[in-house]
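What follows is the content of data.txt (compact mmCIF, C-alpha atoms).
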# COMPACT_ATOMS: atom_id res chain seq x y z
CA MET A 1 0.00 0.00 0.00
CA ASN A 2 1.36 3.43 -0.93
CA ASN A 3 1.55 6.33 1.46
CA ILE A 4 0.74 9.93 0.72
CA GLN A 5 1.84 13.13 2.44
CA VAL A 6 -0.86 15.37 3.90
CA SER A 7 -1.16 18.14 6.45
CA ILE A 8 -3.44 17.48 9.43
CA ASN A 9 -3.90 20.29 11.95
CA ALA A 10 -0.75 21.88 10.52
CA GLU A 11 1.28 18.71 11.17
CA SER A 12 2.84 16.94 8.19
CA LYS A 13 1.68 13.30 8.17
CA LYS A 14 2.19 10.20 6.02
CA ILE A 15 -1.05 8.27 5.65
CA PRO A 16 -2.15 5.38 3.41
CA GLU A 17 -3.63 6.49 0.10
CA ASN A 18 -7.33 6.24 -0.78
CA LEU A 19 -8.66 6.71 2.76
CA ASN A 20 -12.08 8.25 3.17
CA ILE A 21 -12.83 10.35 6.25
CA PRO A 22 -14.02 7.53 8.59
CA GLN A 23 -10.98 5.45 7.57
CA LEU A 24 -8.68 8.42 8.17
CA LEU A 25 -10.13 8.99 11.66
CA ASN A 26 -9.73 5.30 12.41
CA PHE A 27 -6.12 5.44 11.19
CA LEU A 28 -5.54 8.42 13.51
CA LYS A 29 -7.23 6.52 16.38
CA LEU A 30 -9.83 9.26 16.78
CA LYS A 31 -13.42 8.57 17.80
CA ASP A 32 -15.52 9.65 14.87
CA ASP A 33 -18.27 11.42 16.79
CA LEU A 34 -18.29 14.94 18.25
CA LEU A 35 -15.69 16.22 15.85
CA VAL A 36 -15.73 17.89 12.47
CA VAL A 37 -13.39 17.75 9.50
CA GLU A 38 -12.33 20.45 7.07
CA LEU A 39 -10.65 19.38 3.81
CA ASN A 40 -8.76 22.13 1.97
CA GLU A 41 -10.62 24.82 3.90
CA GLU A 42 -14.09 23.42 3.16
CA VAL A 43 -16.14 21.68 5.84
CA VAL A 44 -16.88 18.06 4.93
CA MET A 45 -20.53 17.39 5.76
CA ARG A 46 -20.97 14.15 7.65
CA ALA A 47 -23.16 12.81 4.82
CA ASP A 48 -20.15 13.17 2.51
CA TRP A 49 -17.58 11.47 4.75
CA GLU A 50 -17.73 8.09 3.01
CA THR A 51 -17.21 9.55 -0.44
CA SER A 52 -14.52 12.10 0.48
CA ILE A 53 -11.12 10.56 -0.30
CA VAL A 54 -7.96 12.18 1.06
CA GLY A 55 -5.35 12.86 -1.63
CA GLU A 56 -1.67 13.79 -1.84
CA GLY A 57 -0.97 17.27 -0.45
CA ASP A 58 -4.43 17.73 1.04
CA LYS A 59 -4.78 20.09 4.00
CA LEU A 60 -7.06 18.82 6.76
CA GLU A 61 -8.30 20.34 9.97
CA ILE A 62 -9.96 18.11 12.56
CA VAL A 63 -11.61 20.07 15.38
CA LYS A 64 -13.87 19.62 18.37
CA ALA A 65 -15.56 21.75 21.02
CA ILE A 66 -13.63 22.58 24.18
CA GLY A 67 -14.27 24.76 27.20
CA GLY A 68 -14.32 28.47 26.39
CA GLY A 69 -15.97 31.76 27.22
CA MET B 1 -44.80 36.50 35.58
CA SER B 2 -42.92 35.34 32.54
CA ASP B 3 -39.98 37.51 31.59
CA SER B 4 -38.22 35.40 29.04
CA LEU B 5 -35.37 36.55 26.84
CA ARG B 6 -35.98 36.36 23.11
CA ILE B 7 -32.94 36.07 20.86
CA GLY B 8 -33.92 35.78 17.22
CA VAL B 9 -36.60 33.09 17.13
CA ARG B 10 -35.46 31.46 20.38
CA GLU B 11 -36.74 32.08 23.87
CA PHE B 12 -34.81 31.56 27.09
CA GLN B 13 -35.83 31.64 30.75
CA SER B 14 -32.41 32.67 32.06
CA ARG B 15 -30.74 35.98 31.27
CA LEU B 16 -27.39 34.69 32.47
CA MET B 17 -25.12 33.01 29.92
CA VAL B 18 -21.95 31.28 31.02
CA GLY B 19 -18.71 30.04 29.54
CA THR B 20 -17.23 26.59 30.00
CA GLY B 21 -13.52 27.49 30.13
CA LYS B 22 -10.95 27.65 32.92
CA TYR B 23 -12.58 25.19 35.33
CA ALA B 24 -10.25 23.05 37.42
CA ASN B 25 -12.09 19.93 36.26
CA ASP B 26 -15.12 18.84 34.27
CA GLN B 27 -17.26 17.98 37.28
CA LEU B 28 -16.78 21.43 38.79
CA ALA B 29 -17.71 22.97 35.44
CA ILE B 30 -21.00 21.12 35.12
CA ASP B 31 -21.88 21.67 38.79
CA ALA B 32 -21.29 25.42 38.53
CA ILE B 33 -23.03 25.74 35.17
CA ARG B 34 -26.12 23.92 36.43
CA GLU B 35 -26.14 26.10 39.58
CA SER B 36 -26.00 29.25 37.43
CA GLY B 37 -29.33 28.32 35.87
CA ALA B 38 -27.97 29.39 32.47
CA ASN B 39 -29.70 28.10 29.35
CA ILE B 40 -26.96 29.25 26.95
CA VAL B 41 -23.37 28.06 27.40
CA THR B 42 -20.41 29.03 25.27
CA MET B 43 -17.69 26.74 23.94
CA ALA B 44 -14.61 27.19 21.80
CA ILE B 45 -13.63 25.22 18.68
CA ARG B 46 -10.12 23.84 18.64
CA ARG B 47 -7.96 21.29 16.83
CA VAL B 48 -8.06 17.77 18.26
CA ASN B 49 -4.84 16.51 19.72
CA LEU B 50 -3.64 13.92 17.20
CA GLY B 51 -1.91 11.89 19.87
CA GLN B 52 -5.03 11.84 22.03
CA ASN B 53 -6.37 8.86 23.84
CA LYS B 54 -9.35 7.42 22.01
CA ASP B 55 -11.25 7.33 25.29
CA GLU B 56 -10.55 10.98 26.12
CA SER B 57 -13.78 12.68 27.20
CA ASN B 58 -15.41 15.30 25.02
CA ILE B 59 -17.02 18.37 26.55
CA LEU B 60 -20.19 17.83 24.51
CA GLU B 61 -20.72 14.52 26.34
CA LEU B 62 -20.70 16.35 29.66
CA ILE B 63 -22.38 19.61 28.68
CA SER B 64 -24.91 18.27 26.28
CA PRO B 65 -26.86 20.09 23.56
CA ASN B 66 -29.87 18.21 24.95
CA GLU B 67 -29.60 20.16 28.21
CA PHE B 68 -28.19 23.52 27.08
CA THR B 69 -28.18 25.75 24.02
CA ILE B 70 -24.56 25.56 22.94
CA LEU B 71 -23.13 28.87 21.77
CA PRO B 72 -19.88 28.16 19.89
CA ASN B 73 -17.51 31.12 19.88
CA THR B 74 -14.80 32.27 17.50
CA ALA B 75 -12.32 33.03 20.28
CA GLY B 76 -8.77 33.08 19.00
CA CYS B 77 -9.75 34.40 15.56
CA TYR B 78 -8.01 37.55 14.36
CA THR B 79 -9.65 37.94 10.95
CA ALA B 80 -13.17 37.85 9.56
CA ASP B 81 -12.28 34.89 7.33
CA GLU B 82 -10.95 32.78 10.23
CA SER B 83 -14.07 33.47 12.25
CA VAL B 84 -16.40 32.55 9.37
CA ARG B 85 -14.48 29.27 8.87
CA THR B 86 -14.75 28.53 12.59
CA CYS B 87 -18.51 29.16 12.57
CA LYS B 88 -18.96 26.81 9.63
CA LEU B 89 -17.05 24.08 11.50
CA ALA B 90 -19.16 24.70 14.60
CA ARG B 91 -22.39 24.53 12.63
CA GLU B 92 -21.48 21.13 11.21
CA LEU B 93 -20.25 19.92 14.60
CA LEU B 94 -23.56 20.84 16.21
CA GLY B 95 -25.73 19.33 13.50
CA GLY B 96 -26.68 22.49 11.64
CA HIS B 97 -27.18 24.73 14.68
CA SER B 98 -26.71 28.31 13.45
CA LEU B 99 -26.48 30.40 16.66
CA VAL B 100 -22.89 31.61 17.12
CA LYS B 101 -20.91 34.04 19.23
CA LEU B 102 -18.73 36.12 16.94
CA GLU B 103 -15.55 37.57 18.34
CA VAL B 104 -12.68 38.85 16.27
CA ILE B 105 -9.76 39.86 18.41
CA GLY B 106 -7.47 42.73 17.43
CA ASP B 107 -4.55 42.28 19.79
CA LYS B 108 -3.35 39.26 21.75
CA ASN B 109 -2.51 41.27 24.87
CA THR B 110 -5.57 43.47 25.24
CA LEU B 111 -7.94 40.87 23.67
CA LEU B 112 -10.05 43.85 22.61
CA PRO B 113 -12.17 43.25 19.51
CA ASP B 114 -11.09 44.42 16.07
CA MET B 115 -14.33 46.19 15.22
CA SER B 116 -13.85 46.65 11.48
CA GLU B 117 -13.11 42.91 11.05
CA THR B 118 -15.95 42.07 13.43
CA LEU B 119 -18.43 44.06 11.34
CA LYS B 120 -17.16 42.44 8.13
CA ALA B 121 -17.47 38.97 9.67
CA ALA B 122 -20.96 39.75 10.97
CA LYS B 123 -22.14 40.70 7.49
CA ASP B 124 -20.59 37.56 5.98
CA LEU B 125 -22.11 35.29 8.64
CA VAL B 126 -25.59 36.79 8.35
CA LYS B 127 -25.36 36.23 4.59
CA GLU B 128 -24.42 32.59 5.27
CA GLY B 129 -27.55 32.14 7.40
CA PHE B 130 -25.99 32.31 10.87
CA GLU B 131 -27.73 33.90 13.86
CA VAL B 132 -24.95 36.10 15.16
CA MET B 133 -24.50 37.19 18.75
CA VAL B 134 -21.62 39.61 18.46
CA TYR B 135 -18.98 40.52 21.01
CA CYS B 136 -17.99 44.16 20.58
CA THR B 137 -16.55 47.22 22.25
CA ASP B 138 -18.93 49.70 23.86
CA ASP B 139 -18.60 51.92 20.77
CA PHE B 140 -22.07 53.28 19.98
CA ASP B 141 -21.71 53.58 16.20
CA TYR B 142 -20.36 50.05 15.79
CA ALA B 143 -23.12 48.65 18.00
CA VAL B 144 -25.71 50.30 15.74
CA ALA B 145 -23.90 49.06 12.62
CA LEU B 146 -23.86 45.50 13.98
CA GLU B 147 -27.59 45.60 14.59
CA ASP B 148 -28.11 47.01 11.10
CA ALA B 149 -25.99 44.14 9.76
CA GLY B 150 -28.56 41.71 11.12
CA CYS B 151 -26.97 40.45 14.34
CA VAL B 152 -29.51 38.87 16.73
CA ALA B 153 -27.76 40.20 19.84
CA VAL B 154 -25.17 42.92 20.45
CA MET B 155 -22.73 42.11 23.24
CA PRO B 156 -20.56 45.02 24.40
CA LEU B 157 -17.78 44.33 26.86
CA ALA B 158 -17.88 45.59 30.43
CA ALA B 159 -14.07 45.51 30.59
CA PRO B 160 -11.37 43.40 28.88
CA ILE B 161 -11.87 39.61 28.74
CA GLY B 162 -10.88 37.88 31.97
CA SER B 163 -10.06 41.17 33.74
CA GLY B 164 -12.97 41.08 36.20
CA ARG B 165 -12.89 44.87 36.43
CA GLY B 166 -16.65 45.31 36.09
CA ILE B 167 -18.50 47.86 33.98
CA GLU B 168 -15.94 50.54 33.19
CA ASN B 169 -18.21 52.75 31.12
CA PRO B 170 -21.82 52.41 32.24
CA GLN B 171 -22.89 55.50 30.26
CA ALA B 172 -21.72 53.91 27.02
CA ILE B 173 -23.58 50.66 27.79
CA GLU B 174 -26.72 52.61 28.67
CA ALA B 175 -26.56 54.59 25.42
CA ILE B 176 -26.37 51.34 23.44
CA VAL B 177 -29.26 49.83 25.42
CA GLN B 178 -31.43 52.86 24.70
CA LYS B 179 -30.73 52.74 20.97
CA ILE B 180 -30.59 49.05 20.05
CA GLN B 181 -33.74 46.98 19.50
CA VAL B 182 -32.16 43.49 19.60
CA PRO B 183 -31.00 42.16 22.98
CA VAL B 184 -27.95 43.87 24.48
CA ILE B 185 -25.87 41.46 26.53
CA VAL B 186 -22.84 42.54 28.51
CA ASP B 187 -20.09 40.09 27.63
CA ALA B 188 -16.67 40.01 29.32
CA GLY B 189 -15.17 41.88 32.22
CA ILE B 190 -17.73 41.02 34.88
CA GLY B 191 -15.94 40.29 38.16
CA THR B 192 -18.56 39.77 40.82
CA ALA B 193 -22.28 39.69 41.46
CA SER B 194 -22.78 43.47 41.81
CA ASP B 195 -21.26 43.96 38.32
CA ALA B 196 -23.89 41.64 36.84
CA THR B 197 -26.63 43.42 38.77
CA LEU B 198 -25.46 46.81 37.50
CA ALA B 199 -25.52 45.55 33.91
CA MET B 200 -29.13 44.48 34.34
CA GLU B 201 -30.08 47.71 36.14
CA LEU B 202 -28.73 49.63 33.14
CA GLY B 203 -31.33 47.82 31.08
CA CYS B 204 -29.20 45.15 29.49
CA ASP B 205 -31.13 42.06 28.42
CA GLY B 206 -28.56 39.63 29.73
CA VAL B 207 -25.05 38.99 30.97
CA LEU B 208 -22.44 36.59 29.60
CA LEU B 209 -19.52 35.67 31.82
CA ASN B 210 -17.01 32.88 32.38
CA THR B 211 -14.02 33.72 34.57
CA ALA B 212 -16.11 35.46 37.24
CA ILE B 213 -17.50 32.02 38.11
CA ALA B 214 -14.67 29.71 37.04
CA GLY B 215 -12.05 31.89 38.73
CA ALA B 216 -13.93 32.30 42.02
CA GLN B 217 -12.65 30.48 45.11
CA ASN B 218 -15.96 28.62 45.21
CA PRO B 219 -17.33 28.53 41.67
CA VAL B 220 -20.60 26.79 42.54
CA LEU B 221 -21.44 29.39 45.18
CA MET B 222 -20.49 32.21 42.82
CA ALA B 223 -22.69 30.66 40.14
CA ALA B 224 -25.63 30.89 42.54
CA ALA B 225 -24.69 34.50 43.35
CA MET B 226 -24.62 35.39 39.66
CA ARG B 227 -28.00 33.76 39.04
CA GLN B 228 -29.50 35.82 41.87
CA ALA B 229 -27.62 38.99 40.85
CA VAL B 230 -28.96 38.91 37.29
CA LYS B 231 -32.49 38.32 38.56
CA ALA B 232 -32.20 41.12 41.14
CA GLY B 233 -30.86 43.58 38.57
CA ARG B 234 -33.56 42.67 36.09
CA SER B 235 -36.31 43.12 38.69
CA ALA B 236 -34.87 46.47 39.77
CA TYR B 237 -34.78 47.64 36.15
CA LEU B 238 -38.38 46.55 35.54
CA ALA B 239 -39.49 48.07 38.84
CA GLY B 240 -38.06 51.47 37.90
CA ARG B 241 -35.75 52.96 40.46
CA MET B 242 -36.62 55.98 42.63
CA THR B 243 -35.45 59.42 41.57
CA LYS B 244 -32.06 60.42 42.93
CA SER B 245 -31.95 63.53 45.09
CA ASN B 246 -29.03 65.72 46.03
CA GLN B 247 -30.57 66.36 49.43
CA ALA B 248 -31.82 64.11 52.18
CA VAL B 249 -35.59 63.52 52.13
CA ALA B 250 -37.02 62.21 55.40
CA SER B 251 -38.73 58.85 55.21
CA SER B 252 -40.75 59.41 58.38
CA PRO B 253 -43.41 62.15 58.73
CA THR B 254 -41.99 65.43 60.00
CA GLU B 255 -45.17 66.23 61.97
CA GLY B 256 -46.12 64.89 65.39
CA VAL B 257 -42.62 64.45 66.71
CA ILE B 258 -42.81 64.60 70.53
CA ASN B 259 -41.70 67.71 72.30
CA SER B 260 -42.14 69.79 69.13

Hey, can you dump this file as C-alpha cells for me?
Amino acid sequence: MNNIQVSINAESKKIPENLNIPQLLNFLKLKDDLLVVELNEEVVMRADWETSIVGEGDKLEIVKAIGGG
Amino acid sequence: MSDSLRIGVREFQSRLMVGTGKYANDQLAIDAIRESGANIVTMAIRRVNLGQNKDESNILELISPNEFTILPNTAGCYTADESVRTCKLARELLGGHSLVKLEVIGDKNTLLPDMSETLKAAKDLVKEGFEVMVYCTDDFDYAVALEDAGCVAVMPLAAPIGSGRGIENPQAIEAIVQKIQVPVIVDAGIGTASDATLAMELGCDGVLLNTAIAGAQNPVLMAAAMRQAVKAGRSAYLAGRMTKSNQAVASSPTEGVINS
C-alpha cells in the first residue's frame, strides 16, 4: 500500500492512500463522533464522509468543542 | 410572571449566559453551570490533539446540547475569514445549529475586539444564514452598525476579557441599550455579582460571563450568586428605580414628633 503526504492540523503526516474520512479517523485513532473535518478549507458534511477521499498534499483540519468563554 | 429573553426566534428563561472554560475539572464545570441556571453556554472550537487517547472525554458529552443551548464562539480568531471558517465548522459539529458568538480579536494582549473585522465577519455570517450574537466594544456607532448588519444580539464588553474589572463605562452601555432593539448582553469583564446586577439595572437584556465564576474560590457558590444577581438587577430595572436627590428627604413624617 502506498503512502501519501498530507497536512493534518498543521502537522505533516504520512497516511495510506485512498482513505475516506471515517478510515482516516480510524487510522488516527480518533473517535468519529463529536468532531468535524475540514478538507482544503471546506467543511466536509458528515453525509459526505464516506465519499470524500484524502489525496496527496491535502490540507485537513480536525476540530472539536472545548471549554471556552 | 414570565420575563423570558428572546434572541432571534429562540426564547430563554435565564438571562445569564456562562462560559465553560478555565474550570479546574469537568465535574466542577458542570456543577457550577447547572447552579447558574444558564440556558446558553459558550464553547470554543479547537484542533483535536492527534496523539489523544481514544477514550478521552469530550465536553459535549458532559455539557450536552440536549440540556443547554450551545453557543460556539470564535475566540482566538483575528480575521473575519478565520471566524467565518470557525462558525462553519461549529455549525457542522452541532448538527446544523446556526447560533454563534462572533468575536474577532485585534490584539493578543488586550484581547479587545477588532471592530472593522468584526463588522465584516458579521455581514458575511448573516449572509451565510448564521444567527450572530456579536462581542464588541462599547462603541455606539459600531453597535448600531452590527444591529443594522442583522446580528440577533449585540454584546458590548464591560471591561477586557478575563479582567474582572466590572463595567468601566456604564454611560456607554446605557446609550447602546437605549438605541438598540435586539437584545444587548454585557459580555466580558464582569468580576462579581454586583457587576452583573449593575448591567441588568442599566437595562441590558442579559449577561455573559465565564471567569467570574470559574475563577472564584468557590465557583458553585459564585454561580448561585450570579444567578441571583442577574435576577435582582432585572427586577430592579423593571421596577423602575426611585429618583435620585441631592438632598436628604425624610422617610418618616416630620409632623407629630414629641416635644415639638

### Message
Quick check: residues of chain A within 12 Å of chain B, all atoms listed in the file, returned as a PyMOL selection string.
### Response
chain A and resi 7-13+24-48+60-69

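A straight line drawn from CA of Arg241 (chain B) to CA of Thr137 (chain B) is 27.1 Å long.
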
### Query
What is the CA of Ser98 (chain B) to CA of Val152 (chain B) distance in Å?
11.4 Å

### Task
Show which residues sit within 7 Å of Gly191 (chain B), as a VMD selection string. Count only C-alpha atoms, and ignore same-chain residues fewer than 6 positions away.
chain B and resid 164 to 166 212

Written selection (C-alpha atoms) as a short mmCIF file (atom, residue, chain, number, x, y, z; two decimals), in the frame of the given file:
data_model
loop_
_atom_site.label_atom_id
_atom_site.label_comp_id
_atom_site.auth_asym_id
_atom_site.auth_seq_id
_atom_site.Cartn_x
_atom_site.Cartn_y
_atom_site.Cartn_z
CA GLY B 164 -12.97 41.08 36.20
CA ARG B 165 -12.89 44.87 36.43
CA GLY B 166 -16.65 45.31 36.09
CA ALA B 212 -16.11 35.46 37.24
#

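The environment of Met133 (chain B) within 7 Å, counting all atoms listed in the file and disregarding residues fewer than 3 places along the same chain, consists of Val100, Lys101, Leu102, Cys151, Val152, Ala153, Val154 and Met155 of chain B.
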
Could the residues in this selection be written to a file with C-alpha atoms, as a compact mmCIF listing (two decimals), keeping the file's coordinate frame?
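Output (result-v8.txt):
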# COMPACT_ATOMS: atom_id res chain seq x y z
CA VAL B 100 -22.89 31.61 17.12
CA LYS B 101 -20.91 34.04 19.23
CA LEU B 102 -18.73 36.12 16.94
CA CYS B 151 -26.97 40.45 14.34
CA VAL B 152 -29.51 38.87 16.73
CA ALA B 153 -27.76 40.20 19.84
CA VAL B 154 -25.17 42.92 20.45
CA MET B 155 -22.73 42.11 23.24

### Message
Report, in Å to a single decimal, how far apart CA of Ser36 (chain B) and CA of Asn109 (chain B) are.
### Response
29.2 Å

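For the set B:Ala175, B:Leu198, B:Leu99, B:Ala149, the residue with the smallest atom-to-atom gap to Val230 (chain B) is B:Leu198, counting only C-alpha atoms.
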